[in-house]
file start-v1.txt (compact mmCIF, C-alpha atoms and all ligand atoms)
# COMPACT_ATOMS: atom_id res chain seq x y z
CA MET A 66 110.67 57.92 64.94
CA ARG A 67 112.61 56.40 62.06
CA ALA A 68 115.93 54.63 62.66
CA VAL A 69 118.31 53.76 59.82
CA GLY A 70 121.65 51.96 59.75
CA LEU A 71 124.31 53.79 57.71
CA HIS A 72 127.16 51.40 58.57
CA ALA A 73 127.67 48.42 60.89
CA ASP A 74 128.80 50.99 63.49
CA VAL A 75 126.43 53.91 62.79
CA VAL A 76 122.66 54.09 63.40
CA VAL A 77 120.64 57.29 63.00
CA ALA A 78 117.24 58.01 64.55
CA VAL A 79 115.17 60.92 63.20
CA SER A 80 112.68 62.64 65.51
CA ARG A 81 109.06 63.25 64.50
CA THR A 82 109.53 66.94 65.21
CA TYR A 83 111.99 69.20 63.40
CA GLN A 84 113.42 65.92 61.98
CA THR A 85 116.11 66.36 64.64
CA THR A 86 118.68 63.58 64.27
CA CYS A 87 120.36 61.39 66.85
CA THR A 88 123.39 59.35 65.78
CA LEU A 89 124.65 56.24 67.57
CA VAL A 90 128.32 55.43 66.83
CA ARG A 91 130.20 52.32 67.94
CA SER A 92 133.78 51.17 68.07
CA GLY A 93 134.77 47.97 69.84
CA GLY A 94 132.68 47.67 72.99
CA GLU A 95 131.89 51.37 73.30
CA ALA A 96 129.23 53.51 71.71
CA PHE A 97 128.32 57.21 71.86
CA CYS A 98 125.00 58.92 71.29
CA VAL A 99 125.39 62.19 69.37
CA ASP A 100 122.51 64.70 69.82
CA SER A 101 118.99 63.52 70.62
CA PRO A 102 115.43 63.05 69.43
CA VAL A 103 112.86 65.35 71.03
CA PHE A 104 109.70 63.56 72.26
CA PRO A 105 109.69 61.55 75.52
CA ASP A 106 108.56 58.31 73.82
CA GLU A 107 111.43 58.64 71.30
CA LEU A 108 113.95 59.16 74.10
CA GLU A 109 112.45 56.27 76.05
CA ILE A 110 112.88 53.78 73.20
CA LEU A 111 116.44 54.89 72.35
CA PRO A 112 118.18 52.51 74.82
CA ALA A 113 116.27 49.57 73.26
CA ILE A 114 117.32 50.66 69.75
CA ALA A 115 120.94 50.84 70.93
CA ASP A 116 120.69 47.44 72.70
CA GLN A 117 119.15 45.76 69.69
CA ALA A 118 121.97 47.04 67.47
CA GLY A 119 124.53 45.83 70.04
CA PHE A 120 125.66 49.36 70.91
CA GLY A 121 126.65 49.78 74.57
CA ILE A 122 126.24 53.52 75.12
CA VAL A 123 128.99 54.89 77.38
CA GLY A 124 128.80 58.60 76.55
CA LEU A 125 126.78 61.40 74.99
CA LEU A 126 127.97 64.13 72.63
CA ALA A 127 126.12 67.29 71.62
CA THR A 128 126.98 69.11 68.38
CA HIS A 129 125.84 72.44 69.85
CA ALA A 130 123.84 73.93 72.71
CA ASP A 131 120.42 74.40 71.05
CA TRP A 132 117.96 72.68 73.39
CA ASP A 133 116.59 70.16 70.88
CA HIS A 134 120.04 68.53 70.55
CA LEU A 135 120.71 68.26 74.30
CA LEU A 136 118.15 65.74 75.51
CA GLY A 137 120.28 62.57 75.52
CA ARG A 138 120.34 62.36 79.32
CA TYR A 139 116.62 61.54 79.29
CA ALA A 140 117.59 58.32 77.47
CA PHE A 141 120.92 57.63 79.20
CA PRO A 142 120.75 59.42 82.58
CA ASP A 143 124.15 58.28 83.85
CA ALA A 144 126.19 58.91 80.70
CA PRO A 145 128.72 61.76 80.69
CA LEU A 146 127.85 64.52 78.18
CA GLY A 147 130.71 65.86 76.05
CA CYS A 148 130.65 68.92 73.81
CA ALA A 149 132.95 71.51 72.27
CA GLU A 150 134.52 74.04 74.64
CA THR A 151 132.48 76.71 72.83
CA THR A 152 129.28 74.82 73.63
CA SER A 153 130.20 74.31 77.26
CA ALA A 154 130.99 78.03 77.52
CA ARG A 155 127.58 78.86 76.01
CA VAL A 156 125.73 76.59 78.45
CA VAL A 157 127.65 78.02 81.42
CA GLY A 158 127.24 81.59 80.14
CA HIS A 159 123.46 81.25 79.69
CA PRO A 160 122.35 79.14 82.65
CA GLY A 161 118.86 77.70 82.31
CA GLU A 162 118.43 78.80 78.68
CA ALA A 163 118.06 75.28 77.25
CA GLN A 164 115.73 74.29 80.10
CA ARG A 165 113.56 77.37 79.51
CA GLU A 166 113.29 76.75 75.76
CA LEU A 167 112.50 73.07 76.34
CA ARG A 168 109.77 74.10 78.79
CA GLU A 169 108.29 76.51 76.21
CA PHE A 170 108.20 73.75 73.58
CA ASP A 171 106.65 71.30 76.04
CA GLU A 172 103.96 73.77 77.15
CA GLU A 173 103.13 74.65 73.54
CA HIS A 174 102.76 70.97 72.56
CA TYR A 175 101.34 69.62 75.86
CA VAL A 176 104.38 67.38 76.34
CA GLU A 177 105.14 65.91 79.77
CA ARG A 178 108.69 64.94 80.81
CA PRO A 179 109.72 62.56 83.58
CA GLY A 180 111.80 65.35 85.18
CA PRO A 181 113.87 68.46 84.55
CA LEU A 182 116.71 68.46 82.00
CA SER A 183 120.13 67.98 83.61
CA LEU A 184 123.14 69.53 81.92
CA SER A 185 125.41 69.23 84.93
CA ALA A 186 129.03 68.08 84.62
CA LEU A 187 129.39 68.88 80.92
CA GLN A 188 132.75 67.70 79.62
CA ALA A 189 134.37 70.34 77.42
CA LEU A 190 136.36 68.79 74.56
CA PRO A 191 139.14 70.62 72.70
CA VAL A 192 138.01 71.29 69.11
CA PRO A 193 139.55 70.73 66.62
CA GLY A 194 140.59 67.52 68.28
CA HIS A 195 139.91 63.86 68.85
CA CYS A 196 137.61 61.94 71.11
CA GLY A 197 138.55 58.37 72.00
CA ILE A 198 135.97 55.62 71.45
CA GLY A 199 136.75 51.90 71.77
CA ASP A 200 140.17 51.45 70.21
CA THR A 201 139.97 54.44 67.87
CA ASP A 202 139.04 58.15 67.68
CA LEU A 203 136.28 60.40 66.45
CA GLU A 204 137.50 63.63 64.83
CA LEU A 205 135.96 66.88 66.03
CA GLN A 206 135.82 70.00 63.84
CA PRO A 207 134.63 73.47 64.86
CA ALA A 208 131.19 74.25 63.42
CA ASP A 209 130.08 77.74 64.42
CA GLY A 210 128.05 80.23 62.39
CA HIS A 211 124.56 78.76 62.87
CA THR A 212 125.19 79.65 66.51
CA GLU A 213 128.29 80.94 68.32
CA ASP A 214 129.25 77.39 69.33
CA GLY A 215 129.42 73.89 67.99
CA MET A 216 131.30 71.04 66.41
CA ALA A 217 130.91 68.48 63.65
CA VAL A 218 131.89 64.85 64.26
CA TRP A 219 133.72 62.82 61.62
CA VAL A 220 133.59 59.03 61.95
CA PRO A 221 136.65 58.04 59.87
CA TRP A 222 136.17 54.26 59.69
CA ALA A 223 132.52 54.61 58.60
CA ARG A 224 133.06 57.73 56.46
CA VAL A 225 130.11 59.41 58.14
CA LEU A 226 129.98 63.13 58.98
CA VAL A 227 127.63 64.22 61.77
CA ALA A 228 127.36 67.87 60.76
CA GLY A 229 125.28 69.54 63.48
CA ASP A 230 122.90 72.19 62.11
CA TYR A 231 124.46 72.41 58.64
CA LEU A 232 123.71 70.74 55.29
CA SER A 233 120.05 70.17 56.04
CA PRO A 234 117.79 69.01 53.18
CA VAL A 235 114.78 70.51 54.99
CA GLU A 236 116.04 73.78 56.49
CA ILE A 237 117.89 76.70 54.87
CA PRO A 238 121.03 77.93 56.65
CA MET A 239 119.78 79.53 59.86
CA ILE A 240 121.81 82.36 61.38
CA SER A 241 120.72 82.38 65.03
CA PRO A 242 121.02 85.53 67.19
CA SER A 243 124.46 84.39 68.40
CA GLY A 244 125.51 83.13 64.95
CA SER A 245 127.36 84.79 62.07
CA ALA A 246 126.98 84.46 58.30
CA ARG A 247 130.76 84.80 57.79
CA ALA A 248 131.49 82.12 60.38
CA TYR A 249 128.81 79.98 58.67
CA LEU A 250 130.70 80.21 55.36
CA ALA A 251 133.98 79.34 57.11
CA THR A 252 132.34 76.25 58.61
CA LEU A 253 131.01 75.17 55.20
CA ALA A 254 134.54 75.55 53.80
CA ARG A 255 135.93 73.47 56.69
CA LEU A 256 133.33 70.73 56.20
CA ALA A 257 133.65 70.56 52.39
CA PRO A 258 136.67 68.19 52.26
CA LEU A 259 134.96 65.86 54.76
CA VAL A 260 131.72 65.94 52.75
CA ASP A 261 133.73 64.99 49.66
CA GLN A 262 135.06 61.90 51.45
CA ALA A 263 131.78 60.99 53.16
CA ASP A 264 129.60 58.04 52.30
CA TYR A 265 126.88 59.71 54.40
CA VAL A 266 126.29 63.06 56.04
CA VAL A 267 123.91 63.33 59.01
CA PRO A 268 122.44 66.84 59.16
CA GLY A 269 121.06 68.15 62.47
CA HIS A 270 117.61 68.23 60.87
CA GLY A 271 116.44 65.87 58.10
CA ALA A 272 117.22 62.35 56.92
CA PRO A 273 120.84 61.25 56.41
CA LEU A 274 122.23 62.18 52.98
CA GLU A 275 124.52 60.35 50.61
CA GLY A 276 127.79 62.23 50.19
CA THR A 277 127.07 63.50 46.68
CA ARG A 278 123.67 64.90 47.71
CA ALA A 279 125.26 66.58 50.75
CA ALA A 280 127.90 68.14 48.49
CA ALA A 281 125.11 69.60 46.31
CA ILE A 282 123.38 71.02 49.40
CA LEU A 283 126.68 72.49 50.56
CA ARG A 284 127.02 74.34 47.23
CA GLU A 285 123.42 75.63 47.50
CA ASP A 286 123.93 76.72 51.09
CA ARG A 287 127.19 78.52 50.29
CA ALA A 288 125.49 80.35 47.40
CA TYR A 289 122.56 81.29 49.66
CA VAL A 290 124.72 82.64 52.52
CA GLU A 291 126.95 84.56 50.08
CA ALA A 292 123.84 86.09 48.50
CA LEU A 293 122.46 86.87 51.96
CA LEU A 294 125.62 88.84 52.76
CA GLU A 295 125.48 90.69 49.45
CA ARG A 296 121.77 91.26 48.96
CA GLY A 297 120.08 90.60 52.33
CA ALA A 298 116.35 89.95 51.94
CA GLU A 299 116.70 89.90 48.12
CA ALA A 300 118.76 86.68 48.26
CA LYS A 301 117.11 83.72 46.55
CA LEU A 302 116.27 80.68 48.66
CA PRO A 303 117.42 77.19 47.55
CA LEU A 304 114.77 75.77 45.19
CA ALA A 305 113.61 72.88 47.35
CA ARG A 306 113.49 74.95 50.55
CA ARG A 307 111.07 77.82 49.92
CA SER A 308 108.12 77.01 52.20
CA ALA A 309 106.52 79.66 54.42
CA ALA A 310 108.56 78.39 57.38
CA GLN A 311 111.80 78.70 55.40
CA ARG A 312 110.85 82.22 54.26
CA ARG A 313 110.40 83.18 57.91
CA ILE A 314 113.90 81.89 58.69
CA HIS A 315 115.18 83.85 55.67
CA ALA A 316 113.49 87.05 56.93
CA SER A 317 115.20 86.81 60.31
CA ASN A 318 118.54 85.91 58.64
CA ALA A 319 118.23 89.05 56.51
CA ALA A 320 117.35 91.20 59.54
CA ARG A 321 120.44 89.85 61.29
CA VAL A 322 122.98 90.50 58.51
CA GLY A 323 121.35 93.82 57.50
ZN ZN B 401 118.85 72.38 65.64

call {"tool": "encode", "arguments": {"input": "start-v1.txt", "output": "structure tokens", "more": "lines below"}}
Ligand SMILES: [Zn+2]
result
Amino acid sequence: MRAVGLHADVVVAVSRTYQTTCTLVRSGGEAFCVDSPVFPDELEILPAIADQAGFGIVGLLATHADWDHLLGRYAFPDAPLGCAETTSARVVGHPGEAQRELREFDEEHYVERPGPLSLSALQALPVPGHCGIGDTDLELQPADGHTEDGMAVWVPWARVLVAGDYLSPVEIPMISPSGSARAYLATLARLAPLVDQADYVVPGHGAPLEGTRAAAILREDRAYVEALLERGAEAKLPLARRSAAQRRIHASNAARVG
């Protein structure tokens, strides 16, 4: 797992699988852990990474309810887990879904966990809204479209945007079964002014991006989703994201909007 410092108060760890990102954010004596890496050894070392950076983790946040972003409790078992109201509603409405998908991944890859995943006592946060940390606030913006739920987290003093599953340099826009291409475009439009102000953008999957690079990806992603709505399977994929895996995502996107 790679860990990189984006700011004195922001450290990002990138998982070996799916390049899923985990962002540690600090203000004053408090720090939050946003999303999670995936493998047990990565989760096990996370408290040491936080300690070393002088981040005292007091809470977890999840950008959305896809299982690979929800594993923070394995690293910080006693921390409260906050998420958007839409995400909490999705977890409550589909009990056991994240646990089942985690189990499928673990069986496929022969991964052993210390215990079952606990998502009890989720704290639903109003979004758009603010979330207090130390002596300041994180800003929360709705980010649905990839799935039916989700939020992006803006760290104003560090000018870092934690985008959830948007603006990925490694994955084309993915419209999940519960997602919507039109909602995806609305989220991109909502994130655009934050991307313009950002020094760094942390995508849900892939290494952190400088703001200008993220803005270029946002333009590519908007063009792709617009083309998907107009031309379905005929839409062209972004140049740097045309692997077999990305074409499979494109095929299921096209089936969904068609
Ligand atoms: Zn994801």

call {"tool": "axis_aligned_box", "arguments": {"input": "start-v1.txt", "around": "region 256-275 of chain A", "padding_each_side": "3 Å", "output": "lines of an AutoDock Vina configuration file"}}
result
center_x = 126.6
center_y = 64.4
center_z = 56.1
size_x = 26.2
size_y = 18.7
size_z = 18.8

call {"tool": "residues_near_ligand", "arguments": {"input": "start-v1.txt", "ligand": "ligand ZN 401 (chain B)", "cutoff": "10 Å", "atoms": "all atoms listed in the file", "output": "MDAnalysis selection string"}}
result
chainID A and resid 83:86 100 128:135 211:212 229:231 233 236 239 268:270

call {"tool": "atom_distance", "arguments": {"input": "start-v1.txt", "atom1": "CA of Gly215 (chain A)", "atom2": "CA of Gln188 (chain A)"}}
result
13.6 Å

call {"tool": "residues_near_point", "arguments": {"input": "start-v1.txt", "point": "(127.5, 58.8, 53.2)", "cutoff": "9 Å", "atoms": "only C-alpha atoms", "output": "VMD selection string"}}
result
chain A and resid 71 223 to 226 260 262 to 267 273 to 277 279

call {"tool": "write_last_selection", "arguments": {"input": "start-v1.txt", "atoms": "C-alpha atoms", "output": "PDB file, in the frame of the given file"}}
result
ATOM      1  CA  LEU A  71     124.310  53.790  57.710  1.00  0.00           C
ATOM      2  CA  ALA A 223     132.520  54.610  58.600  1.00  0.00           C
ATOM      3  CA  ARG A 224     133.060  57.730  56.460  1.00  0.00           C
ATOM      4  CA  VAL A 225     130.110  59.410  58.140  1.00  0.00           C
ATOM      5  CA  LEU A 226     129.980  63.130  58.980  1.00  0.00           C
ATOM      6  CA  VAL A 260     131.720  65.940  52.750  1.00  0.00           C
ATOM      7  CA  GLN A 262     135.060  61.900  51.450  1.00  0.00           C
ATOM      8  CA  ALA A 263     131.780  60.990  53.160  1.00  0.00           C
ATOM      9  CA  ASP A 264     129.600  58.040  52.300  1.00  0.00           C
ATOM     10  CA  TYR A 265     126.880  59.710  54.400  1.00  0.00           C
ATOM     11  CA  VAL A 266     126.290  63.060  56.040  1.00  0.00           C
ATOM     12  CA  VAL A 267     123.910  63.330  59.010  1.00  0.00           C
ATOM     13  CA  PRO A 273     120.840  61.250  56.410  1.00  0.00           C
ATOM     14  CA  LEU A 274     122.230  62.180  52.980  1.00  0.00           C
ATOM     15  CA  GLU A 275     124.520  60.350  50.610  1.00  0.00           C
ATOM     16  CA  GLY A 276     127.790  62.230  50.190  1.00  0.00           C
ATOM     17  CA  THR A 277     127.070  63.500  46.680  1.00  0.00           C
ATOM     18  CA  ALA A 279     125.260  66.580  50.750  1.00  0.00           C
TER      19      ALA A 279
END

call {"tool": "atom_distance", "arguments": {"input": "start-v1.txt", "atom1": "CA of Gly70 (chain A)", "atom2": "CA of Ala118 (chain A)"}}
result
9.2 Å

call {"tool": "closest_residue", "arguments": {"input": "start-v1.txt", "among": "A:Ala144, A:Ala300, A:Leu136, A:Leu253", "to": "Val123 (chain A)", "atoms": "only C-alpha atoms"}}
result
A:Ala144

call {"tool": "residues_near_point", "arguments": {"input": "start-v1.txt", "point": "(128.9, 86.6, 55.3)", "cutoff": "6 Å", "atoms": "all atoms listed in the file", "output": "MDAnalysis selection string"}}
result
chainID A and resid 246:247 291 294

call {"tool": "atom_distance", "arguments": {"input": "start-v1.txt", "atom1": "CA of Asp202 (chain A)", "atom2": "CA of Val218 (chain A)"}}
result
10.4 Å

call {"tool": "closest_residue", "arguments": {"input": "start-v1.txt", "among": "A:Ala217, A:Leu108, A:Ala272, A:Leu126", "to": "Pro179 (chain A)", "atoms": "only C-alpha atoms"}}
result
A:Leu108

call {"tool": "closest_residue", "arguments": {"input": "start-v1.txt", "among": "A:Glu95, A:Glu150, A:Asp74, A:Glu107", "to": "Leu205 (chain A)", "atoms": "all atoms listed in the file"}}
result
A:Glu150

call {"tool": "residues_around", "arguments": {"input": "start-v1.txt", "residues": "region 88-94 of chain A", "least_positions_apart": "6", "cutoff": "9 Å", "atoms": "all atoms listed in the file", "output": "list in words"}}
result
Ala73, Asp74, Val75, Val76, Val77, Ala78, Val79, Asp100, Ser101, Ala115, Gly119, Phe120, Gly121, Ile122, Ile198, Gly199, Asp200, Thr201, Asp202, Val220, Val227 and Val267 of chain A

call {"tool": "residues_around", "arguments": {"input": "start-v1.txt", "residues": "Thr252 (chain A)", "least_positions_apart": "4", "cutoff": "8 Å", "atoms": "all atoms listed in the file", "output": "list in words"}}
result
Pro207, Ala208, Asp209, Gly210, Ala248 and Leu256 of chain A

call {"tool": "closest_residue", "arguments": {"input": "start-v1.txt", "among": "A:Pro142, A:Arg284, A:Ala186, A:Arg178", "to": "Val157 (chain A)", "atoms": "only C-alpha atoms"}}
result
A:Ala186

call {"tool": "closest_residue", "arguments": {"input": "start-v1.txt", "among": "A:Ala320, A:Leu283, A:Arg255, A:Ser243", "to": "Arg155 (chain A)", "atoms": "only C-alpha atoms"}}
result
A:Ser243

call {"tool": "residues_around", "arguments": {"input": "start-v1.txt", "residues": "Cys148 (chain A)", "least_positions_apart": "5", "cutoff": "6 Å", "atoms": "all atoms listed in the file", "output": "number ranges by chain"}}
result
A: 126-127, 189-190

call {"tool": "closest_residue", "arguments": {"input": "start-v1.txt", "among": "A:Leu184, A:Cys196, A:Ile314, A:Val176", "to": "Ala96 (chain A)", "atoms": "all atoms listed in the file"}}
result
A:Cys196

call {"tool": "build_atoms", "arguments": {"input": "start-v1.txt", "residues": "region 87-98 of chain A", "atoms": "all heavy atoms", "output": "PDB file, in the coordinates of the input"}}
result
ATOM      1  N   CYS A  87     119.568  61.930  65.761  1.00  0.00           N
ATOM      2  CA  CYS A  87     120.360  61.390  66.850  1.00  0.00           C
ATOM      3  C   CYS A  87     121.192  60.256  66.271  1.00  0.00           C
ATOM      4  O   CYS A  87     120.646  59.353  65.640  1.00  0.00           O
ATOM      5  CB  CYS A  87     119.413  60.867  67.929  1.00  0.00           C
ATOM      6  SG  CYS A  87     120.230  59.890  69.198  1.00  0.00           S
ATOM      7  N   THR A  88     122.507  60.324  66.422  1.00  0.00           N
ATOM      8  CA  THR A  88     123.390  59.350  65.780  1.00  0.00           C
ATOM      9  C   THR A  88     124.081  58.485  66.828  1.00  0.00           C
ATOM     10  O   THR A  88     124.719  59.015  67.744  1.00  0.00           O
ATOM     11  CB  THR A  88     124.469  60.085  64.946  1.00  0.00           C
ATOM     12  OG1 THR A  88     123.819  60.977  64.034  1.00  0.00           O
ATOM     13  CG2 THR A  88     125.332  59.096  64.171  1.00  0.00           C
ATOM     14  N   LEU A  89     123.950  57.173  66.693  1.00  0.00           N
ATOM     15  CA  LEU A  89     124.650  56.240  67.570  1.00  0.00           C
ATOM     16  C   LEU A  89     125.873  55.726  66.826  1.00  0.00           C
ATOM     17  O   LEU A  89     125.761  55.268  65.680  1.00  0.00           O
ATOM     18  CB  LEU A  89     123.733  55.075  67.965  1.00  0.00           C
ATOM     19  CG  LEU A  89     122.353  55.459  68.524  1.00  0.00           C
ATOM     20  CD1 LEU A  89     121.538  54.214  68.853  1.00  0.00           C
ATOM     21  CD2 LEU A  89     122.488  56.339  69.761  1.00  0.00           C
ATOM     22  N   VAL A  90     127.048  55.824  67.468  1.00  0.00           N
ATOM     23  CA  VAL A  90     128.320  55.430  66.830  1.00  0.00           C
ATOM     24  C   VAL A  90     129.027  54.432  67.727  1.00  0.00           C
ATOM     25  O   VAL A  90     129.137  54.662  68.938  1.00  0.00           O
ATOM     26  CB  VAL A  90     129.251  56.651  66.655  1.00  0.00           C
ATOM     27  CG1 VAL A  90     130.525  56.238  65.926  1.00  0.00           C
ATOM     28  CG2 VAL A  90     128.569  57.765  65.911  1.00  0.00           C
ATOM     29  N   ARG A  91     129.545  53.357  67.136  1.00  0.00           N
ATOM     30  CA  ARG A  91     130.200  52.320  67.940  1.00  0.00           C
ATOM     31  C   ARG A  91     131.606  52.040  67.451  1.00  0.00           C
ATOM     32  O   ARG A  91     131.895  52.078  66.250  1.00  0.00           O
ATOM     33  CB  ARG A  91     129.377  51.029  67.825  1.00  0.00           C
ATOM     34  CG  ARG A  91     130.067  49.798  68.397  1.00  0.00           C
ATOM     35  CD  ARG A  91     129.183  48.602  68.298  1.00  0.00           C
ATOM     36  NE  ARG A  91     128.971  48.220  66.890  1.00  0.00           N
ATOM     37  CZ  ARG A  91     128.239  47.187  66.505  1.00  0.00           C
ATOM     38  NH1 ARG A  91     127.614  46.435  67.393  1.00  0.00           N
ATOM     39  NH2 ARG A  91     128.111  46.899  65.224  1.00  0.00           N
ATOM     40  N   SER A  92     132.493  51.757  68.400  1.00  0.00           N
ATOM     41  CA  SER A  92     133.780  51.170  68.070  1.00  0.00           C
ATOM     42  C   SER A  92     134.153  50.206  69.187  1.00  0.00           C
ATOM     43  O   SER A  92     134.119  50.580  70.365  1.00  0.00           O
ATOM     44  CB  SER A  92     134.856  52.239  67.946  1.00  0.00           C
ATOM     45  OG  SER A  92     136.131  51.615  67.875  1.00  0.00           O
ATOM     46  N   GLY A  93     134.492  48.973  68.821  1.00  0.00           N
ATOM     47  CA  GLY A  93     134.770  47.970  69.840  1.00  0.00           C
ATOM     48  C   GLY A  93     133.565  47.833  70.747  1.00  0.00           C
ATOM     49  O   GLY A  93     132.429  47.783  70.290  1.00  0.00           O
ATOM     50  N   GLY A  94     133.795  47.851  72.056  1.00  0.00           N
ATOM     51  CA  GLY A  94     132.680  47.670  72.990  1.00  0.00           C
ATOM     52  C   GLY A  94     132.022  48.959  73.426  1.00  0.00           C
ATOM     53  O   GLY A  94     131.160  48.948  74.296  1.00  0.00           O
ATOM     54  N   GLU A  95     132.428  50.088  72.842  1.00  0.00           N
ATOM     55  CA  GLU A  95     131.890  51.370  73.300  1.00  0.00           C
ATOM     56  C   GLU A  95     131.054  52.044  72.223  1.00  0.00           C
ATOM     57  O   GLU A  95     131.384  51.969  71.049  1.00  0.00           O
ATOM     58  CB  GLU A  95     133.031  52.325  73.665  1.00  0.00           C
ATOM     59  CG  GLU A  95     133.780  51.906  74.914  1.00  0.00           C
ATOM     60  CD  GLU A  95     134.780  52.954  75.367  1.00  0.00           C
ATOM     61  OE1 GLU A  95     135.158  53.848  74.575  1.00  0.00           O
ATOM     62  OE2 GLU A  95     135.179  52.867  76.531  1.00  0.00           O
ATOM     63  N   ALA A  96     130.020  52.735  72.661  1.00  0.00           N
ATOM     64  CA  ALA A  96     129.230  53.510  71.710  1.00  0.00           C
ATOM     65  C   ALA A  96     128.860  54.852  72.320  1.00  0.00           C
ATOM     66  O   ALA A  96     128.693  54.973  73.533  1.00  0.00           O
ATOM     67  CB  ALA A  96     127.973  52.748  71.304  1.00  0.00           C
ATOM     68  N   PHE A  97     128.744  55.865  71.455  1.00  0.00           N
ATOM     69  CA  PHE A  97     128.320  57.210  71.860  1.00  0.00           C
ATOM     70  C   PHE A  97     126.996  57.532  71.188  1.00  0.00           C
ATOM     71  O   PHE A  97     126.673  57.020  70.119  1.00  0.00           O
ATOM     72  CB  PHE A  97     129.340  58.266  71.410  1.00  0.00           C
ATOM     73  CG  PHE A  97     130.608  58.291  72.213  1.00  0.00           C
ATOM     74  CD1 PHE A  97     131.695  59.042  71.772  1.00  0.00           C
ATOM     75  CD2 PHE A  97     130.736  57.583  73.392  1.00  0.00           C
ATOM     76  CE1 PHE A  97     132.873  59.082  72.495  1.00  0.00           C
ATOM     77  CE2 PHE A  97     131.909  57.615  74.130  1.00  0.00           C
ATOM     78  CZ  PHE A  97     132.988  58.365  73.679  1.00  0.00           C
ATOM     79  N   CYS A  98     126.267  58.417  71.825  1.00  0.00           N
ATOM     80  CA  CYS A  98     125.000  58.920  71.290  1.00  0.00           C
ATOM     81  C   CYS A  98     125.205  60.408  71.037  1.00  0.00           C
ATOM     82  O   CYS A  98     125.456  61.178  71.963  1.00  0.00           O
ATOM     83  CB  CYS A  98     123.908  58.666  72.334  1.00  0.00           C
ATOM     84  SG  CYS A  98     122.356  59.493  72.016  1.00  0.00           S
TER      85      CYS A  98
END
